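Structure file data04.txt (compact mmCIF, C-alpha atoms and all ligand atoms) is printed below.
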```
# COMPACT_ATOMS: atom_id res chain seq x y z
CA MET I 1 13.77 1.63 -4.74
CA THR I 2 14.08 -0.79 -7.66
CA ALA I 3 12.60 0.52 -10.91
CA ASP I 4 9.77 -1.60 -12.29
CA PRO I 5 10.67 -2.35 -15.94
CA ALA I 6 6.97 -2.44 -16.87
CA ALA I 7 6.38 0.99 -15.37
CA SER I 8 7.46 2.83 -18.54
CA ASP I 9 4.29 1.52 -20.25
CA ARG I 10 1.98 3.17 -17.77
CA ARG I 11 -0.38 6.05 -18.57
CA VAL I 12 -1.58 8.41 -15.85
CA VAL I 13 -4.83 10.18 -16.74
CA ARG I 14 -7.57 12.10 -14.95
CA ALA I 15 -10.23 9.74 -13.57
CA GLY I 16 -13.39 9.97 -15.65
CA SER I 17 -11.70 11.84 -18.51
CA ALA I 18 -12.18 10.99 -22.19
CA ASP I 19 -8.66 9.48 -22.22
CA HIS I 20 -9.57 7.27 -19.28
CA GLY I 21 -12.67 5.98 -21.10
CA SER I 22 -10.93 5.36 -24.38
CA LEU I 23 -7.91 3.59 -22.84
CA GLU I 24 -10.18 1.32 -20.83
CA GLY I 25 -12.15 0.70 -24.01
CA ASP I 26 -8.87 -0.38 -25.62
CA GLY I 27 -8.27 -2.90 -22.86
CA TRP I 28 -5.99 -0.90 -20.54
CA THR I 29 -6.25 -1.93 -16.87
CA GLU I 30 -6.19 0.24 -13.79
CA VAL I 31 -3.19 -0.47 -11.55
CA ALA I 32 -3.39 2.46 -9.13
CA ARG I 33 -5.36 5.55 -8.16
CA SER I 34 -4.03 8.80 -6.84
CA TRP I 35 -5.26 12.25 -5.87
CA ALA I 36 -4.13 15.84 -5.78
CA ALA I 37 -5.21 18.46 -3.30
CA GLU I 38 -4.98 22.21 -2.83
CA LEU I 39 -4.76 24.53 0.13
CA ASP I 40 -5.52 28.24 -0.20
CA ALA I 41 -3.70 30.20 2.49
CA ARG I 42 -6.58 32.68 2.66
CA ASP I 43 -8.66 29.89 4.23
CA LEU I 44 -5.93 28.86 6.63
CA ASP I 45 -6.78 28.09 10.23
CA ARG I 46 -3.44 29.25 11.67
CA ASP I 47 -4.42 28.34 15.23
CA ARG I 48 -5.15 24.79 14.16
CA LEU I 49 -1.81 24.50 12.38
CA ALA I 50 0.02 25.98 15.36
CA HIS I 51 -1.74 23.39 17.52
CA LEU I 52 -0.50 20.54 15.27
CA VAL I 53 3.07 21.83 15.66
CA ALA I 54 2.74 22.40 19.42
CA ARG I 55 1.23 18.94 19.97
CA ALA I 56 4.22 17.34 18.25
CA THR I 57 6.87 19.44 19.97
CA ALA I 58 5.31 18.66 23.36
CA GLN I 59 6.80 15.16 22.91
CA PRO I 60 10.13 14.66 24.73
CA ALA I 61 13.22 16.01 22.89
CA LEU I 62 11.13 16.83 19.80
CA ARG I 63 11.95 19.98 17.86
CA ILE I 64 10.66 21.23 14.49
CA ARG I 65 12.58 23.66 12.33
CA GLU I 66 13.35 24.58 8.76
CA LEU I 67 16.32 22.67 7.38
CA THR I 68 19.37 24.51 6.14
CA ALA I 69 21.92 23.84 3.41
CA SER I 70 24.48 22.78 6.07
CA PRO I 71 26.33 19.47 5.58
CA THR I 72 24.83 18.21 8.86
CA ASP I 73 21.26 18.80 7.71
CA ALA I 74 22.03 17.35 4.28
CA ALA I 75 23.41 14.16 5.88
CA ALA I 76 20.34 13.90 8.13
CA VAL I 77 17.99 14.21 5.13
CA LEU I 78 19.92 11.66 3.06
CA GLY I 79 19.95 9.25 6.01
CA LEU I 80 16.16 9.46 6.41
CA ASP I 81 15.61 9.25 2.65
CA ARG I 82 17.75 6.09 2.38
CA ALA I 83 16.00 4.48 5.38
CA THR I 84 12.52 5.06 3.91
CA ALA I 85 13.11 4.64 0.16
CA ASP I 86 10.75 1.65 -0.12
CA ASP I 87 7.94 3.07 1.99
CA TYR I 88 5.96 5.02 -0.64
CA PRO I 89 2.76 3.26 -1.70
CA GLY I 90 1.23 3.46 -5.18
CA ASP I 91 2.66 3.20 -8.65
CA VAL I 92 4.48 5.55 -11.05
CA ALA I 93 2.20 8.52 -10.26
CA THR I 94 3.32 8.57 -6.63
CA ALA I 95 6.80 7.08 -6.88
CA HIS I 96 9.57 8.74 -4.88
CA GLU I 97 12.95 9.27 -6.54
CA PRO I 98 15.73 8.78 -4.00
CA LEU I 99 17.60 12.05 -3.39
CA ALA I 100 20.92 12.48 -5.16
CA GLU I 101 23.96 12.91 -2.93
CA ASP I 102 25.60 15.49 -5.17
CA GLU I 103 22.63 17.86 -5.48
CA PRO I 104 21.65 20.50 -2.93
CA ILE I 105 18.67 19.34 -0.91
CA VAL I 106 17.50 22.79 0.06
CA SER I 107 17.74 25.99 -1.93
CA GLU I 108 15.71 29.11 -2.60
CA ARG I 109 13.37 26.96 -4.68
CA ARG I 110 13.36 23.82 -2.56
CA ARG I 111 12.60 24.26 1.13
CA ALA I 112 12.29 21.63 3.82
CA TRP I 113 11.01 21.35 7.38
CA GLY I 114 12.01 18.56 9.71
CA ALA I 115 11.28 17.15 13.14
CA PHE I 116 14.31 16.10 15.18
CA GLU I 117 14.23 13.81 18.16
CA GLY I 118 17.48 14.87 19.76
CA ASP I 119 19.87 14.87 16.79
CA LEU I 120 17.91 12.31 14.77
CA LEU I 121 15.77 13.56 11.89
CA VAL I 122 12.50 11.67 12.27
CA ALA I 123 10.12 13.55 9.95
CA LEU I 124 10.61 15.62 6.85
CA THR I 125 8.58 17.54 4.30
CA VAL I 126 10.13 19.00 1.16
CA LEU I 127 8.41 21.66 -0.95
CA ASP I 128 9.19 23.06 -4.38
CA ILE I 129 8.65 26.74 -4.96
CA ASP I 130 8.09 28.05 -8.45
CA GLY I 131 10.20 31.20 -8.41
CA THR I 132 10.67 33.83 -5.73
CA ASP I 133 7.40 35.64 -6.46
CA PRO I 134 4.81 34.21 -4.02
CA ASN I 135 2.13 34.74 -6.69
CA ALA I 136 4.10 32.92 -9.42
CA GLY I 137 2.70 29.45 -8.89
CA PRO I 138 1.68 26.94 -6.27
CA VAL I 139 4.07 25.60 -3.69
CA GLU I 140 4.17 21.87 -4.52
CA THR I 141 4.98 19.28 -1.89
CA GLY I 142 7.84 17.13 -3.17
CA PHE I 143 7.42 14.46 -0.51
CA THR I 144 6.78 13.96 3.18
CA VAL I 145 8.14 11.09 5.20
CA VAL I 146 8.33 9.96 8.80
CA ARG I 147 10.85 7.44 10.10
CA ARG I 148 9.35 4.01 10.78
CA GLY I 149 8.62 3.64 14.47
CA HIS I 150 7.73 7.34 14.70
CA ARG I 151 4.61 7.23 12.51
CA GLY I 152 1.14 7.90 13.86
CA ARG I 153 2.42 10.42 16.45
CA GLY I 154 1.36 13.54 14.60
CA LEU I 155 4.82 14.26 13.17
CA GLY I 156 3.85 14.13 9.48
CA SER I 157 0.99 16.56 10.08
CA ALA I 158 3.24 18.75 12.22
CA VAL I 159 6.07 19.23 9.71
CA LYS I 160 3.49 19.94 7.00
CA ALA I 161 1.76 22.46 9.25
CA ALA I 162 5.09 24.14 10.09
CA SER I 163 5.96 24.49 6.40
CA VAL I 164 2.58 25.96 5.46
CA LEU I 165 2.64 28.38 8.40
CA ALA I 166 6.11 29.66 7.42
CA LEU I 167 5.59 29.88 3.68
CA SER I 168 2.14 31.47 3.94
CA ALA I 169 3.68 34.08 6.27
CA GLU I 170 6.15 34.82 3.44
CA GLY I 171 3.18 35.48 1.12
CA HIS I 172 2.72 32.14 -0.65
CA ARG I 173 -0.96 31.58 -1.22
CA ARG I 174 -1.49 28.34 -3.17
CA PHE I 175 -0.17 24.99 -1.95
CA ARG I 176 -0.58 21.66 -3.73
CA THR I 177 0.11 18.10 -2.78
CA GLY I 178 -0.92 14.59 -3.76
CA GLY I 179 -0.56 10.92 -3.05
CA ALA I 180 -1.70 7.36 -3.53
CA ALA I 181 -5.38 6.58 -2.95
CA GLU I 182 -4.53 3.84 -0.47
CA ASN I 183 -2.26 6.13 1.58
CA THR I 184 -4.78 6.95 4.30
CA ALA I 185 -2.17 8.44 6.63
CA SER I 186 -1.08 10.89 3.94
CA LEU I 187 -4.66 11.79 3.01
CA ARG I 188 -5.54 12.44 6.63
CA ALA I 189 -2.37 14.36 7.42
CA ASN I 190 -3.07 16.66 4.48
CA ALA I 191 -6.72 17.04 5.46
CA ALA I 192 -5.65 17.96 8.99
CA VAL I 193 -3.49 20.76 7.59
CA GLY I 194 -6.31 22.06 5.37
CA TYR I 195 -5.71 20.55 1.93
CA ARG I 196 -8.85 19.66 -0.04
CA VAL I 197 -8.74 16.91 -2.66
CA ASP I 198 -9.67 18.37 -6.06
CA GLU I 199 -8.30 15.87 -8.59
CA GLU I 200 -8.36 12.10 -8.96
CA TRP I 201 -6.01 10.24 -11.29
CA VAL I 202 -5.77 6.67 -12.49
CA THR I 203 -2.66 4.78 -13.58
CA LEU I 204 -3.30 2.29 -16.36
CA ARG I 205 -1.23 -0.46 -17.90
CA PRO I 206 -1.64 -1.61 -21.49
CA PRO I 207 -3.31 -4.89 -22.41
CA ALA I 208 -0.98 -7.86 -22.58
CA PRO I 209 0.07 -8.48 -26.19
CA GLY I 210 -2.13 -11.04 -27.95
CA PRO I 211 -0.68 -14.08 -29.77
CA ALA I 212 -0.63 -12.16 -33.09
CA ASP I 213 1.32 -9.23 -31.51
CA SER I 214 3.81 -11.67 -29.94
CA ALA I 215 4.36 -13.40 -33.28
CA ASP I 216 4.91 -9.98 -34.96
CA SER I 217 7.49 -8.93 -32.42
CA ALA I 218 9.24 -12.32 -32.58
CA GLU I 219 9.51 -11.87 -36.37
CA ARG I 220 10.93 -8.37 -35.96
CA ALA I 221 13.46 -9.45 -33.28
C1 LIG I 301 2.27 9.51 5.31
C2 LIG I 301 3.12 9.85 6.54
C3 LIG I 301 4.11 10.95 6.17
C4 LIG I 301 2.17 10.34 7.65
O1 LIG I 301 2.93 10.75 8.76
P1 LIG I 301 2.51 10.35 10.26
O2 LIG I 301 3.38 11.08 11.18
O3 LIG I 301 2.49 8.87 10.37
O4 LIG I 301 1.01 10.90 10.30
P2 LIG I 301 0.31 11.60 11.54
O5 LIG I 301 0.66 10.89 12.81
O6 LIG I 301 0.55 13.05 11.47
O7 LIG I 301 -1.21 11.26 11.23
C5 LIG I 301 -1.94 11.96 10.27
C6 LIG I 301 -3.34 11.39 10.20
O8 LIG I 301 -3.29 10.08 9.61
C7 LIG I 301 -3.82 9.12 10.50
N1 LIG I 301 -2.96 7.94 10.38
C8 LIG I 301 -1.66 7.85 10.74
N2 LIG I 301 -1.19 6.62 10.40
C9 LIG I 301 -2.22 5.95 9.84
C10 LIG I 301 -2.36 4.67 9.29
N3 LIG I 301 -1.34 3.80 9.24
N4 LIG I 301 -3.56 4.32 8.77
C11 LIG I 301 -4.60 5.17 8.78
N5 LIG I 301 -4.52 6.43 9.29
C12 LIG I 301 -3.35 6.81 9.82
C13 LIG I 301 -3.75 9.77 11.87
O9 LIG I 301 -4.75 9.24 12.74
C14 LIG I 301 -4.02 11.20 11.54
O10 LIG I 301 -5.40 11.37 11.26
P3 LIG I 301 -6.29 12.49 11.97
O11 LIG I 301 -5.55 13.80 11.75
O12 LIG I 301 -7.58 12.41 11.25
O13 LIG I 301 -6.31 12.09 13.41
C15 LIG I 301 3.89 8.58 7.06
O14 LIG I 301 2.95 7.56 7.27
C16 LIG I 301 4.96 8.07 6.11
O15 LIG I 301 6.12 8.48 6.23
N6 LIG I 301 4.63 7.15 5.18
C17 LIG I 301 5.61 6.64 4.22
C18 LIG I 301 5.97 7.67 3.16
C19 LIG I 301 4.75 8.23 2.48
O16 LIG I 301 3.83 7.50 2.11
N7 LIG I 301 4.72 9.56 2.34
C20 LIG I 301 3.59 10.25 1.73
C21 LIG I 301 3.71 10.41 0.27
S1 LIG I 301 4.83 11.72 -0.16
```

Would you mind writing the file out in structure tokens?
Amino acid sequence: MTADPAASDRRVVRAGSADHGSLEGDGWTEVARSWAAELDARDLDRDRLAHLVARATAQPALRIRELTASPTDAAAVLGLDRATADDYPGDVATAHEPLAEDEPIVSERRRAWGAFEGDLLVALTVLDIDGTDPNAGPVETGFTVVRRGHRGRGLGSAVKAASVLALSAEGHRRFRTGGAAENTASLRANAAVGYRVDEEWVTLRPPAPGPADSADSAERA
């Protein structure tokens, strides 16, 4: 993904907060909206999640499993990440950083579940875990992505469901995720798994410099 040079000017604030009001009052303009959501494993409908996984794996040659630190899994993840780098809607608040080739993709603190069609990784969800103590902090979704041509077949919901089923069985209780307001597929996939939206954010850009500001900066240059 190409970095937007203007993006460094952006401010991301809670919708309706005092900061939101005062920035808008100062002429800042909304460029994007995003949301965050939480799932509490104590409210989990495990049968429903198991159904989401089973419905996906009923498709021919489709298998869902946790990814390992093996070179084969790492190559599969990097391949999918490269193929979908430009597919994340929204602005800075929901931007996806391409994965680095020289960093481990999975570890004790970063776990991932994938759906394979044969040997091809077609869906992936990556989650960050804050320490080994399940009560230490929420499990945060890093990102979830499905290969183009495989979307809308329940695979995004299924890998998310598989990850929550496994990590809640290990004792993790709080799960958080988020996304761009216009990303209906992401919102609905998360709702299907049991996440409830509890925060809304706005991304604002500053007012364009007026003629006086431009003259000042020209003088300084
Ligand atoms: C977001 C994404 C992961 C969803 O995965 P998916 O496999 O296509 O989603 P699913 O098939 O599991 O569908 C989930 C829900 O979204 C709905 N949906 C799927 N595609 C949709 C679309 N294009 N528009 C509206 N709704 C859509 C489905 O009907 C389903 O809703 P339901 O549970 O109420 O029936 C996938 O679209 C994607 O990879 N997008 C690009 C990357 C991205 O935006 N990732 C999310 C931010 S990290």

Kindly work out which residues sit at most 7 Å from ligand LIG 301 (chain I), using only C-alpha atoms and all ligand atoms, and give the list as a VMD selection string. chain I and resid 87 to 89 142 to 147 150 to 158 179 183 to 189 192

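Across the structure, atom CA of Arg55 of chain I and atom CA of Tyr195 of chain I are spaced 19.4 Å apart.
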
Could you give me the axis-aligned bounding box of segment 119-136 of chain I, with 8 Å of padding per side, as centre plus edge lengths in Å to one decimal, as AutoDock Vina command-line options?
```
--center_x 11.0 --center_y 23.7 --center_z 3.7 --size_x 33.7 --size_y 40.0 --size_z 42.2
```

Could you list as a list in words every residue that has an atom within 10 Å of (22.5, 16.9, -1.6), using the file's coordinates and counting all atoms listed in the file? Ala69, Ser70, Pro71, Asp73, Ala74, Ala75, Val77, Leu78, Leu99, Ala100, Glu101, Asp102, Glu103, Pro104, Ile105 and Val106 of chain I

With a distance cut-off of 12 Å and only C-alpha atoms, select the neighbouring residues of segment 21-35 of chain I, excluding the residue or stretch itself and same-chain residues fewer than 5 positions from it, and output the selection as an NGL selection string. :I and (6-7 or 9-16 or 89-95 or 176-184 or 186-187 or 190 or 195-210)

Identify, on the basis of all atoms listed in the file, every residue whose closest approach to Thr57 of chain I does not exceed 10 Å; exclude the query and any residue fewer than 3 positions from it along the same chain; express the result as a PyMOL selection string. chain I and resi 51-54+60-64+115-117+154-155+158

Same residues, C-alpha atoms, output as a short mmCIF file (atom, residue, chain, number, x, y, z; two decimals), in the coordinates of the input:
```cif
data_model
loop_
_atom_site.label_atom_id
_atom_site.label_comp_id
_atom_site.auth_asym_id
_atom_site.auth_seq_id
_atom_site.Cartn_x
_atom_site.Cartn_y
_atom_site.Cartn_z
CA HIS I 51 -1.74 23.39 17.52
CA LEU I 52 -0.50 20.54 15.27
CA VAL I 53 3.07 21.83 15.66
CA ALA I 54 2.74 22.40 19.42
CA PRO I 60 10.13 14.66 24.73
CA ALA I 61 13.22 16.01 22.89
CA LEU I 62 11.13 16.83 19.80
CA ARG I 63 11.95 19.98 17.86
CA ILE I 64 10.66 21.23 14.49
CA ALA I 115 11.28 17.15 13.14
CA PHE I 116 14.31 16.10 15.18
CA GLU I 117 14.23 13.81 18.16
CA GLY I 154 1.36 13.54 14.60
CA LEU I 155 4.82 14.26 13.17
CA ALA I 158 3.24 18.75 12.22
#
```

Grab the atom CA of Gly137 of chain I to atom CA of Asp40 of chain I distance for me, in Å with one decimal place.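 Pair atom CA of Gly137 of chain I / atom CA of Asp40 of chain I returns 12.0 Å.
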
In Å, how far is it from atom CA of Arg110 of chain I to atom CA of Asp130 of chain I?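 Computing the Euclidean distance for atom CA of Arg110 of chain I and atom CA of Asp130 of chain I yields 9.0 Å.
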
Option closest in space to Val164 of chain I, from I:Ala18, I:Ala76, I:Ala112, I:Leu120 [counting all atoms listed in the file]: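 Selected residue with least distance to Val164 of chain I: I:Ala112.
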
Out of I:Leu80, I:Ser168, I:His96, I:Gly118, which residue has the shortest atom-to-atom distance to Gln59 of chain I when counting only C-alpha atoms? I:Gly118

Shortest interatomic distance to Glu170 of chain I - which of I:Thr72, I:Ala41, I:Trp113, I:Ala50, counting all atoms listed in the file: I:Ala41
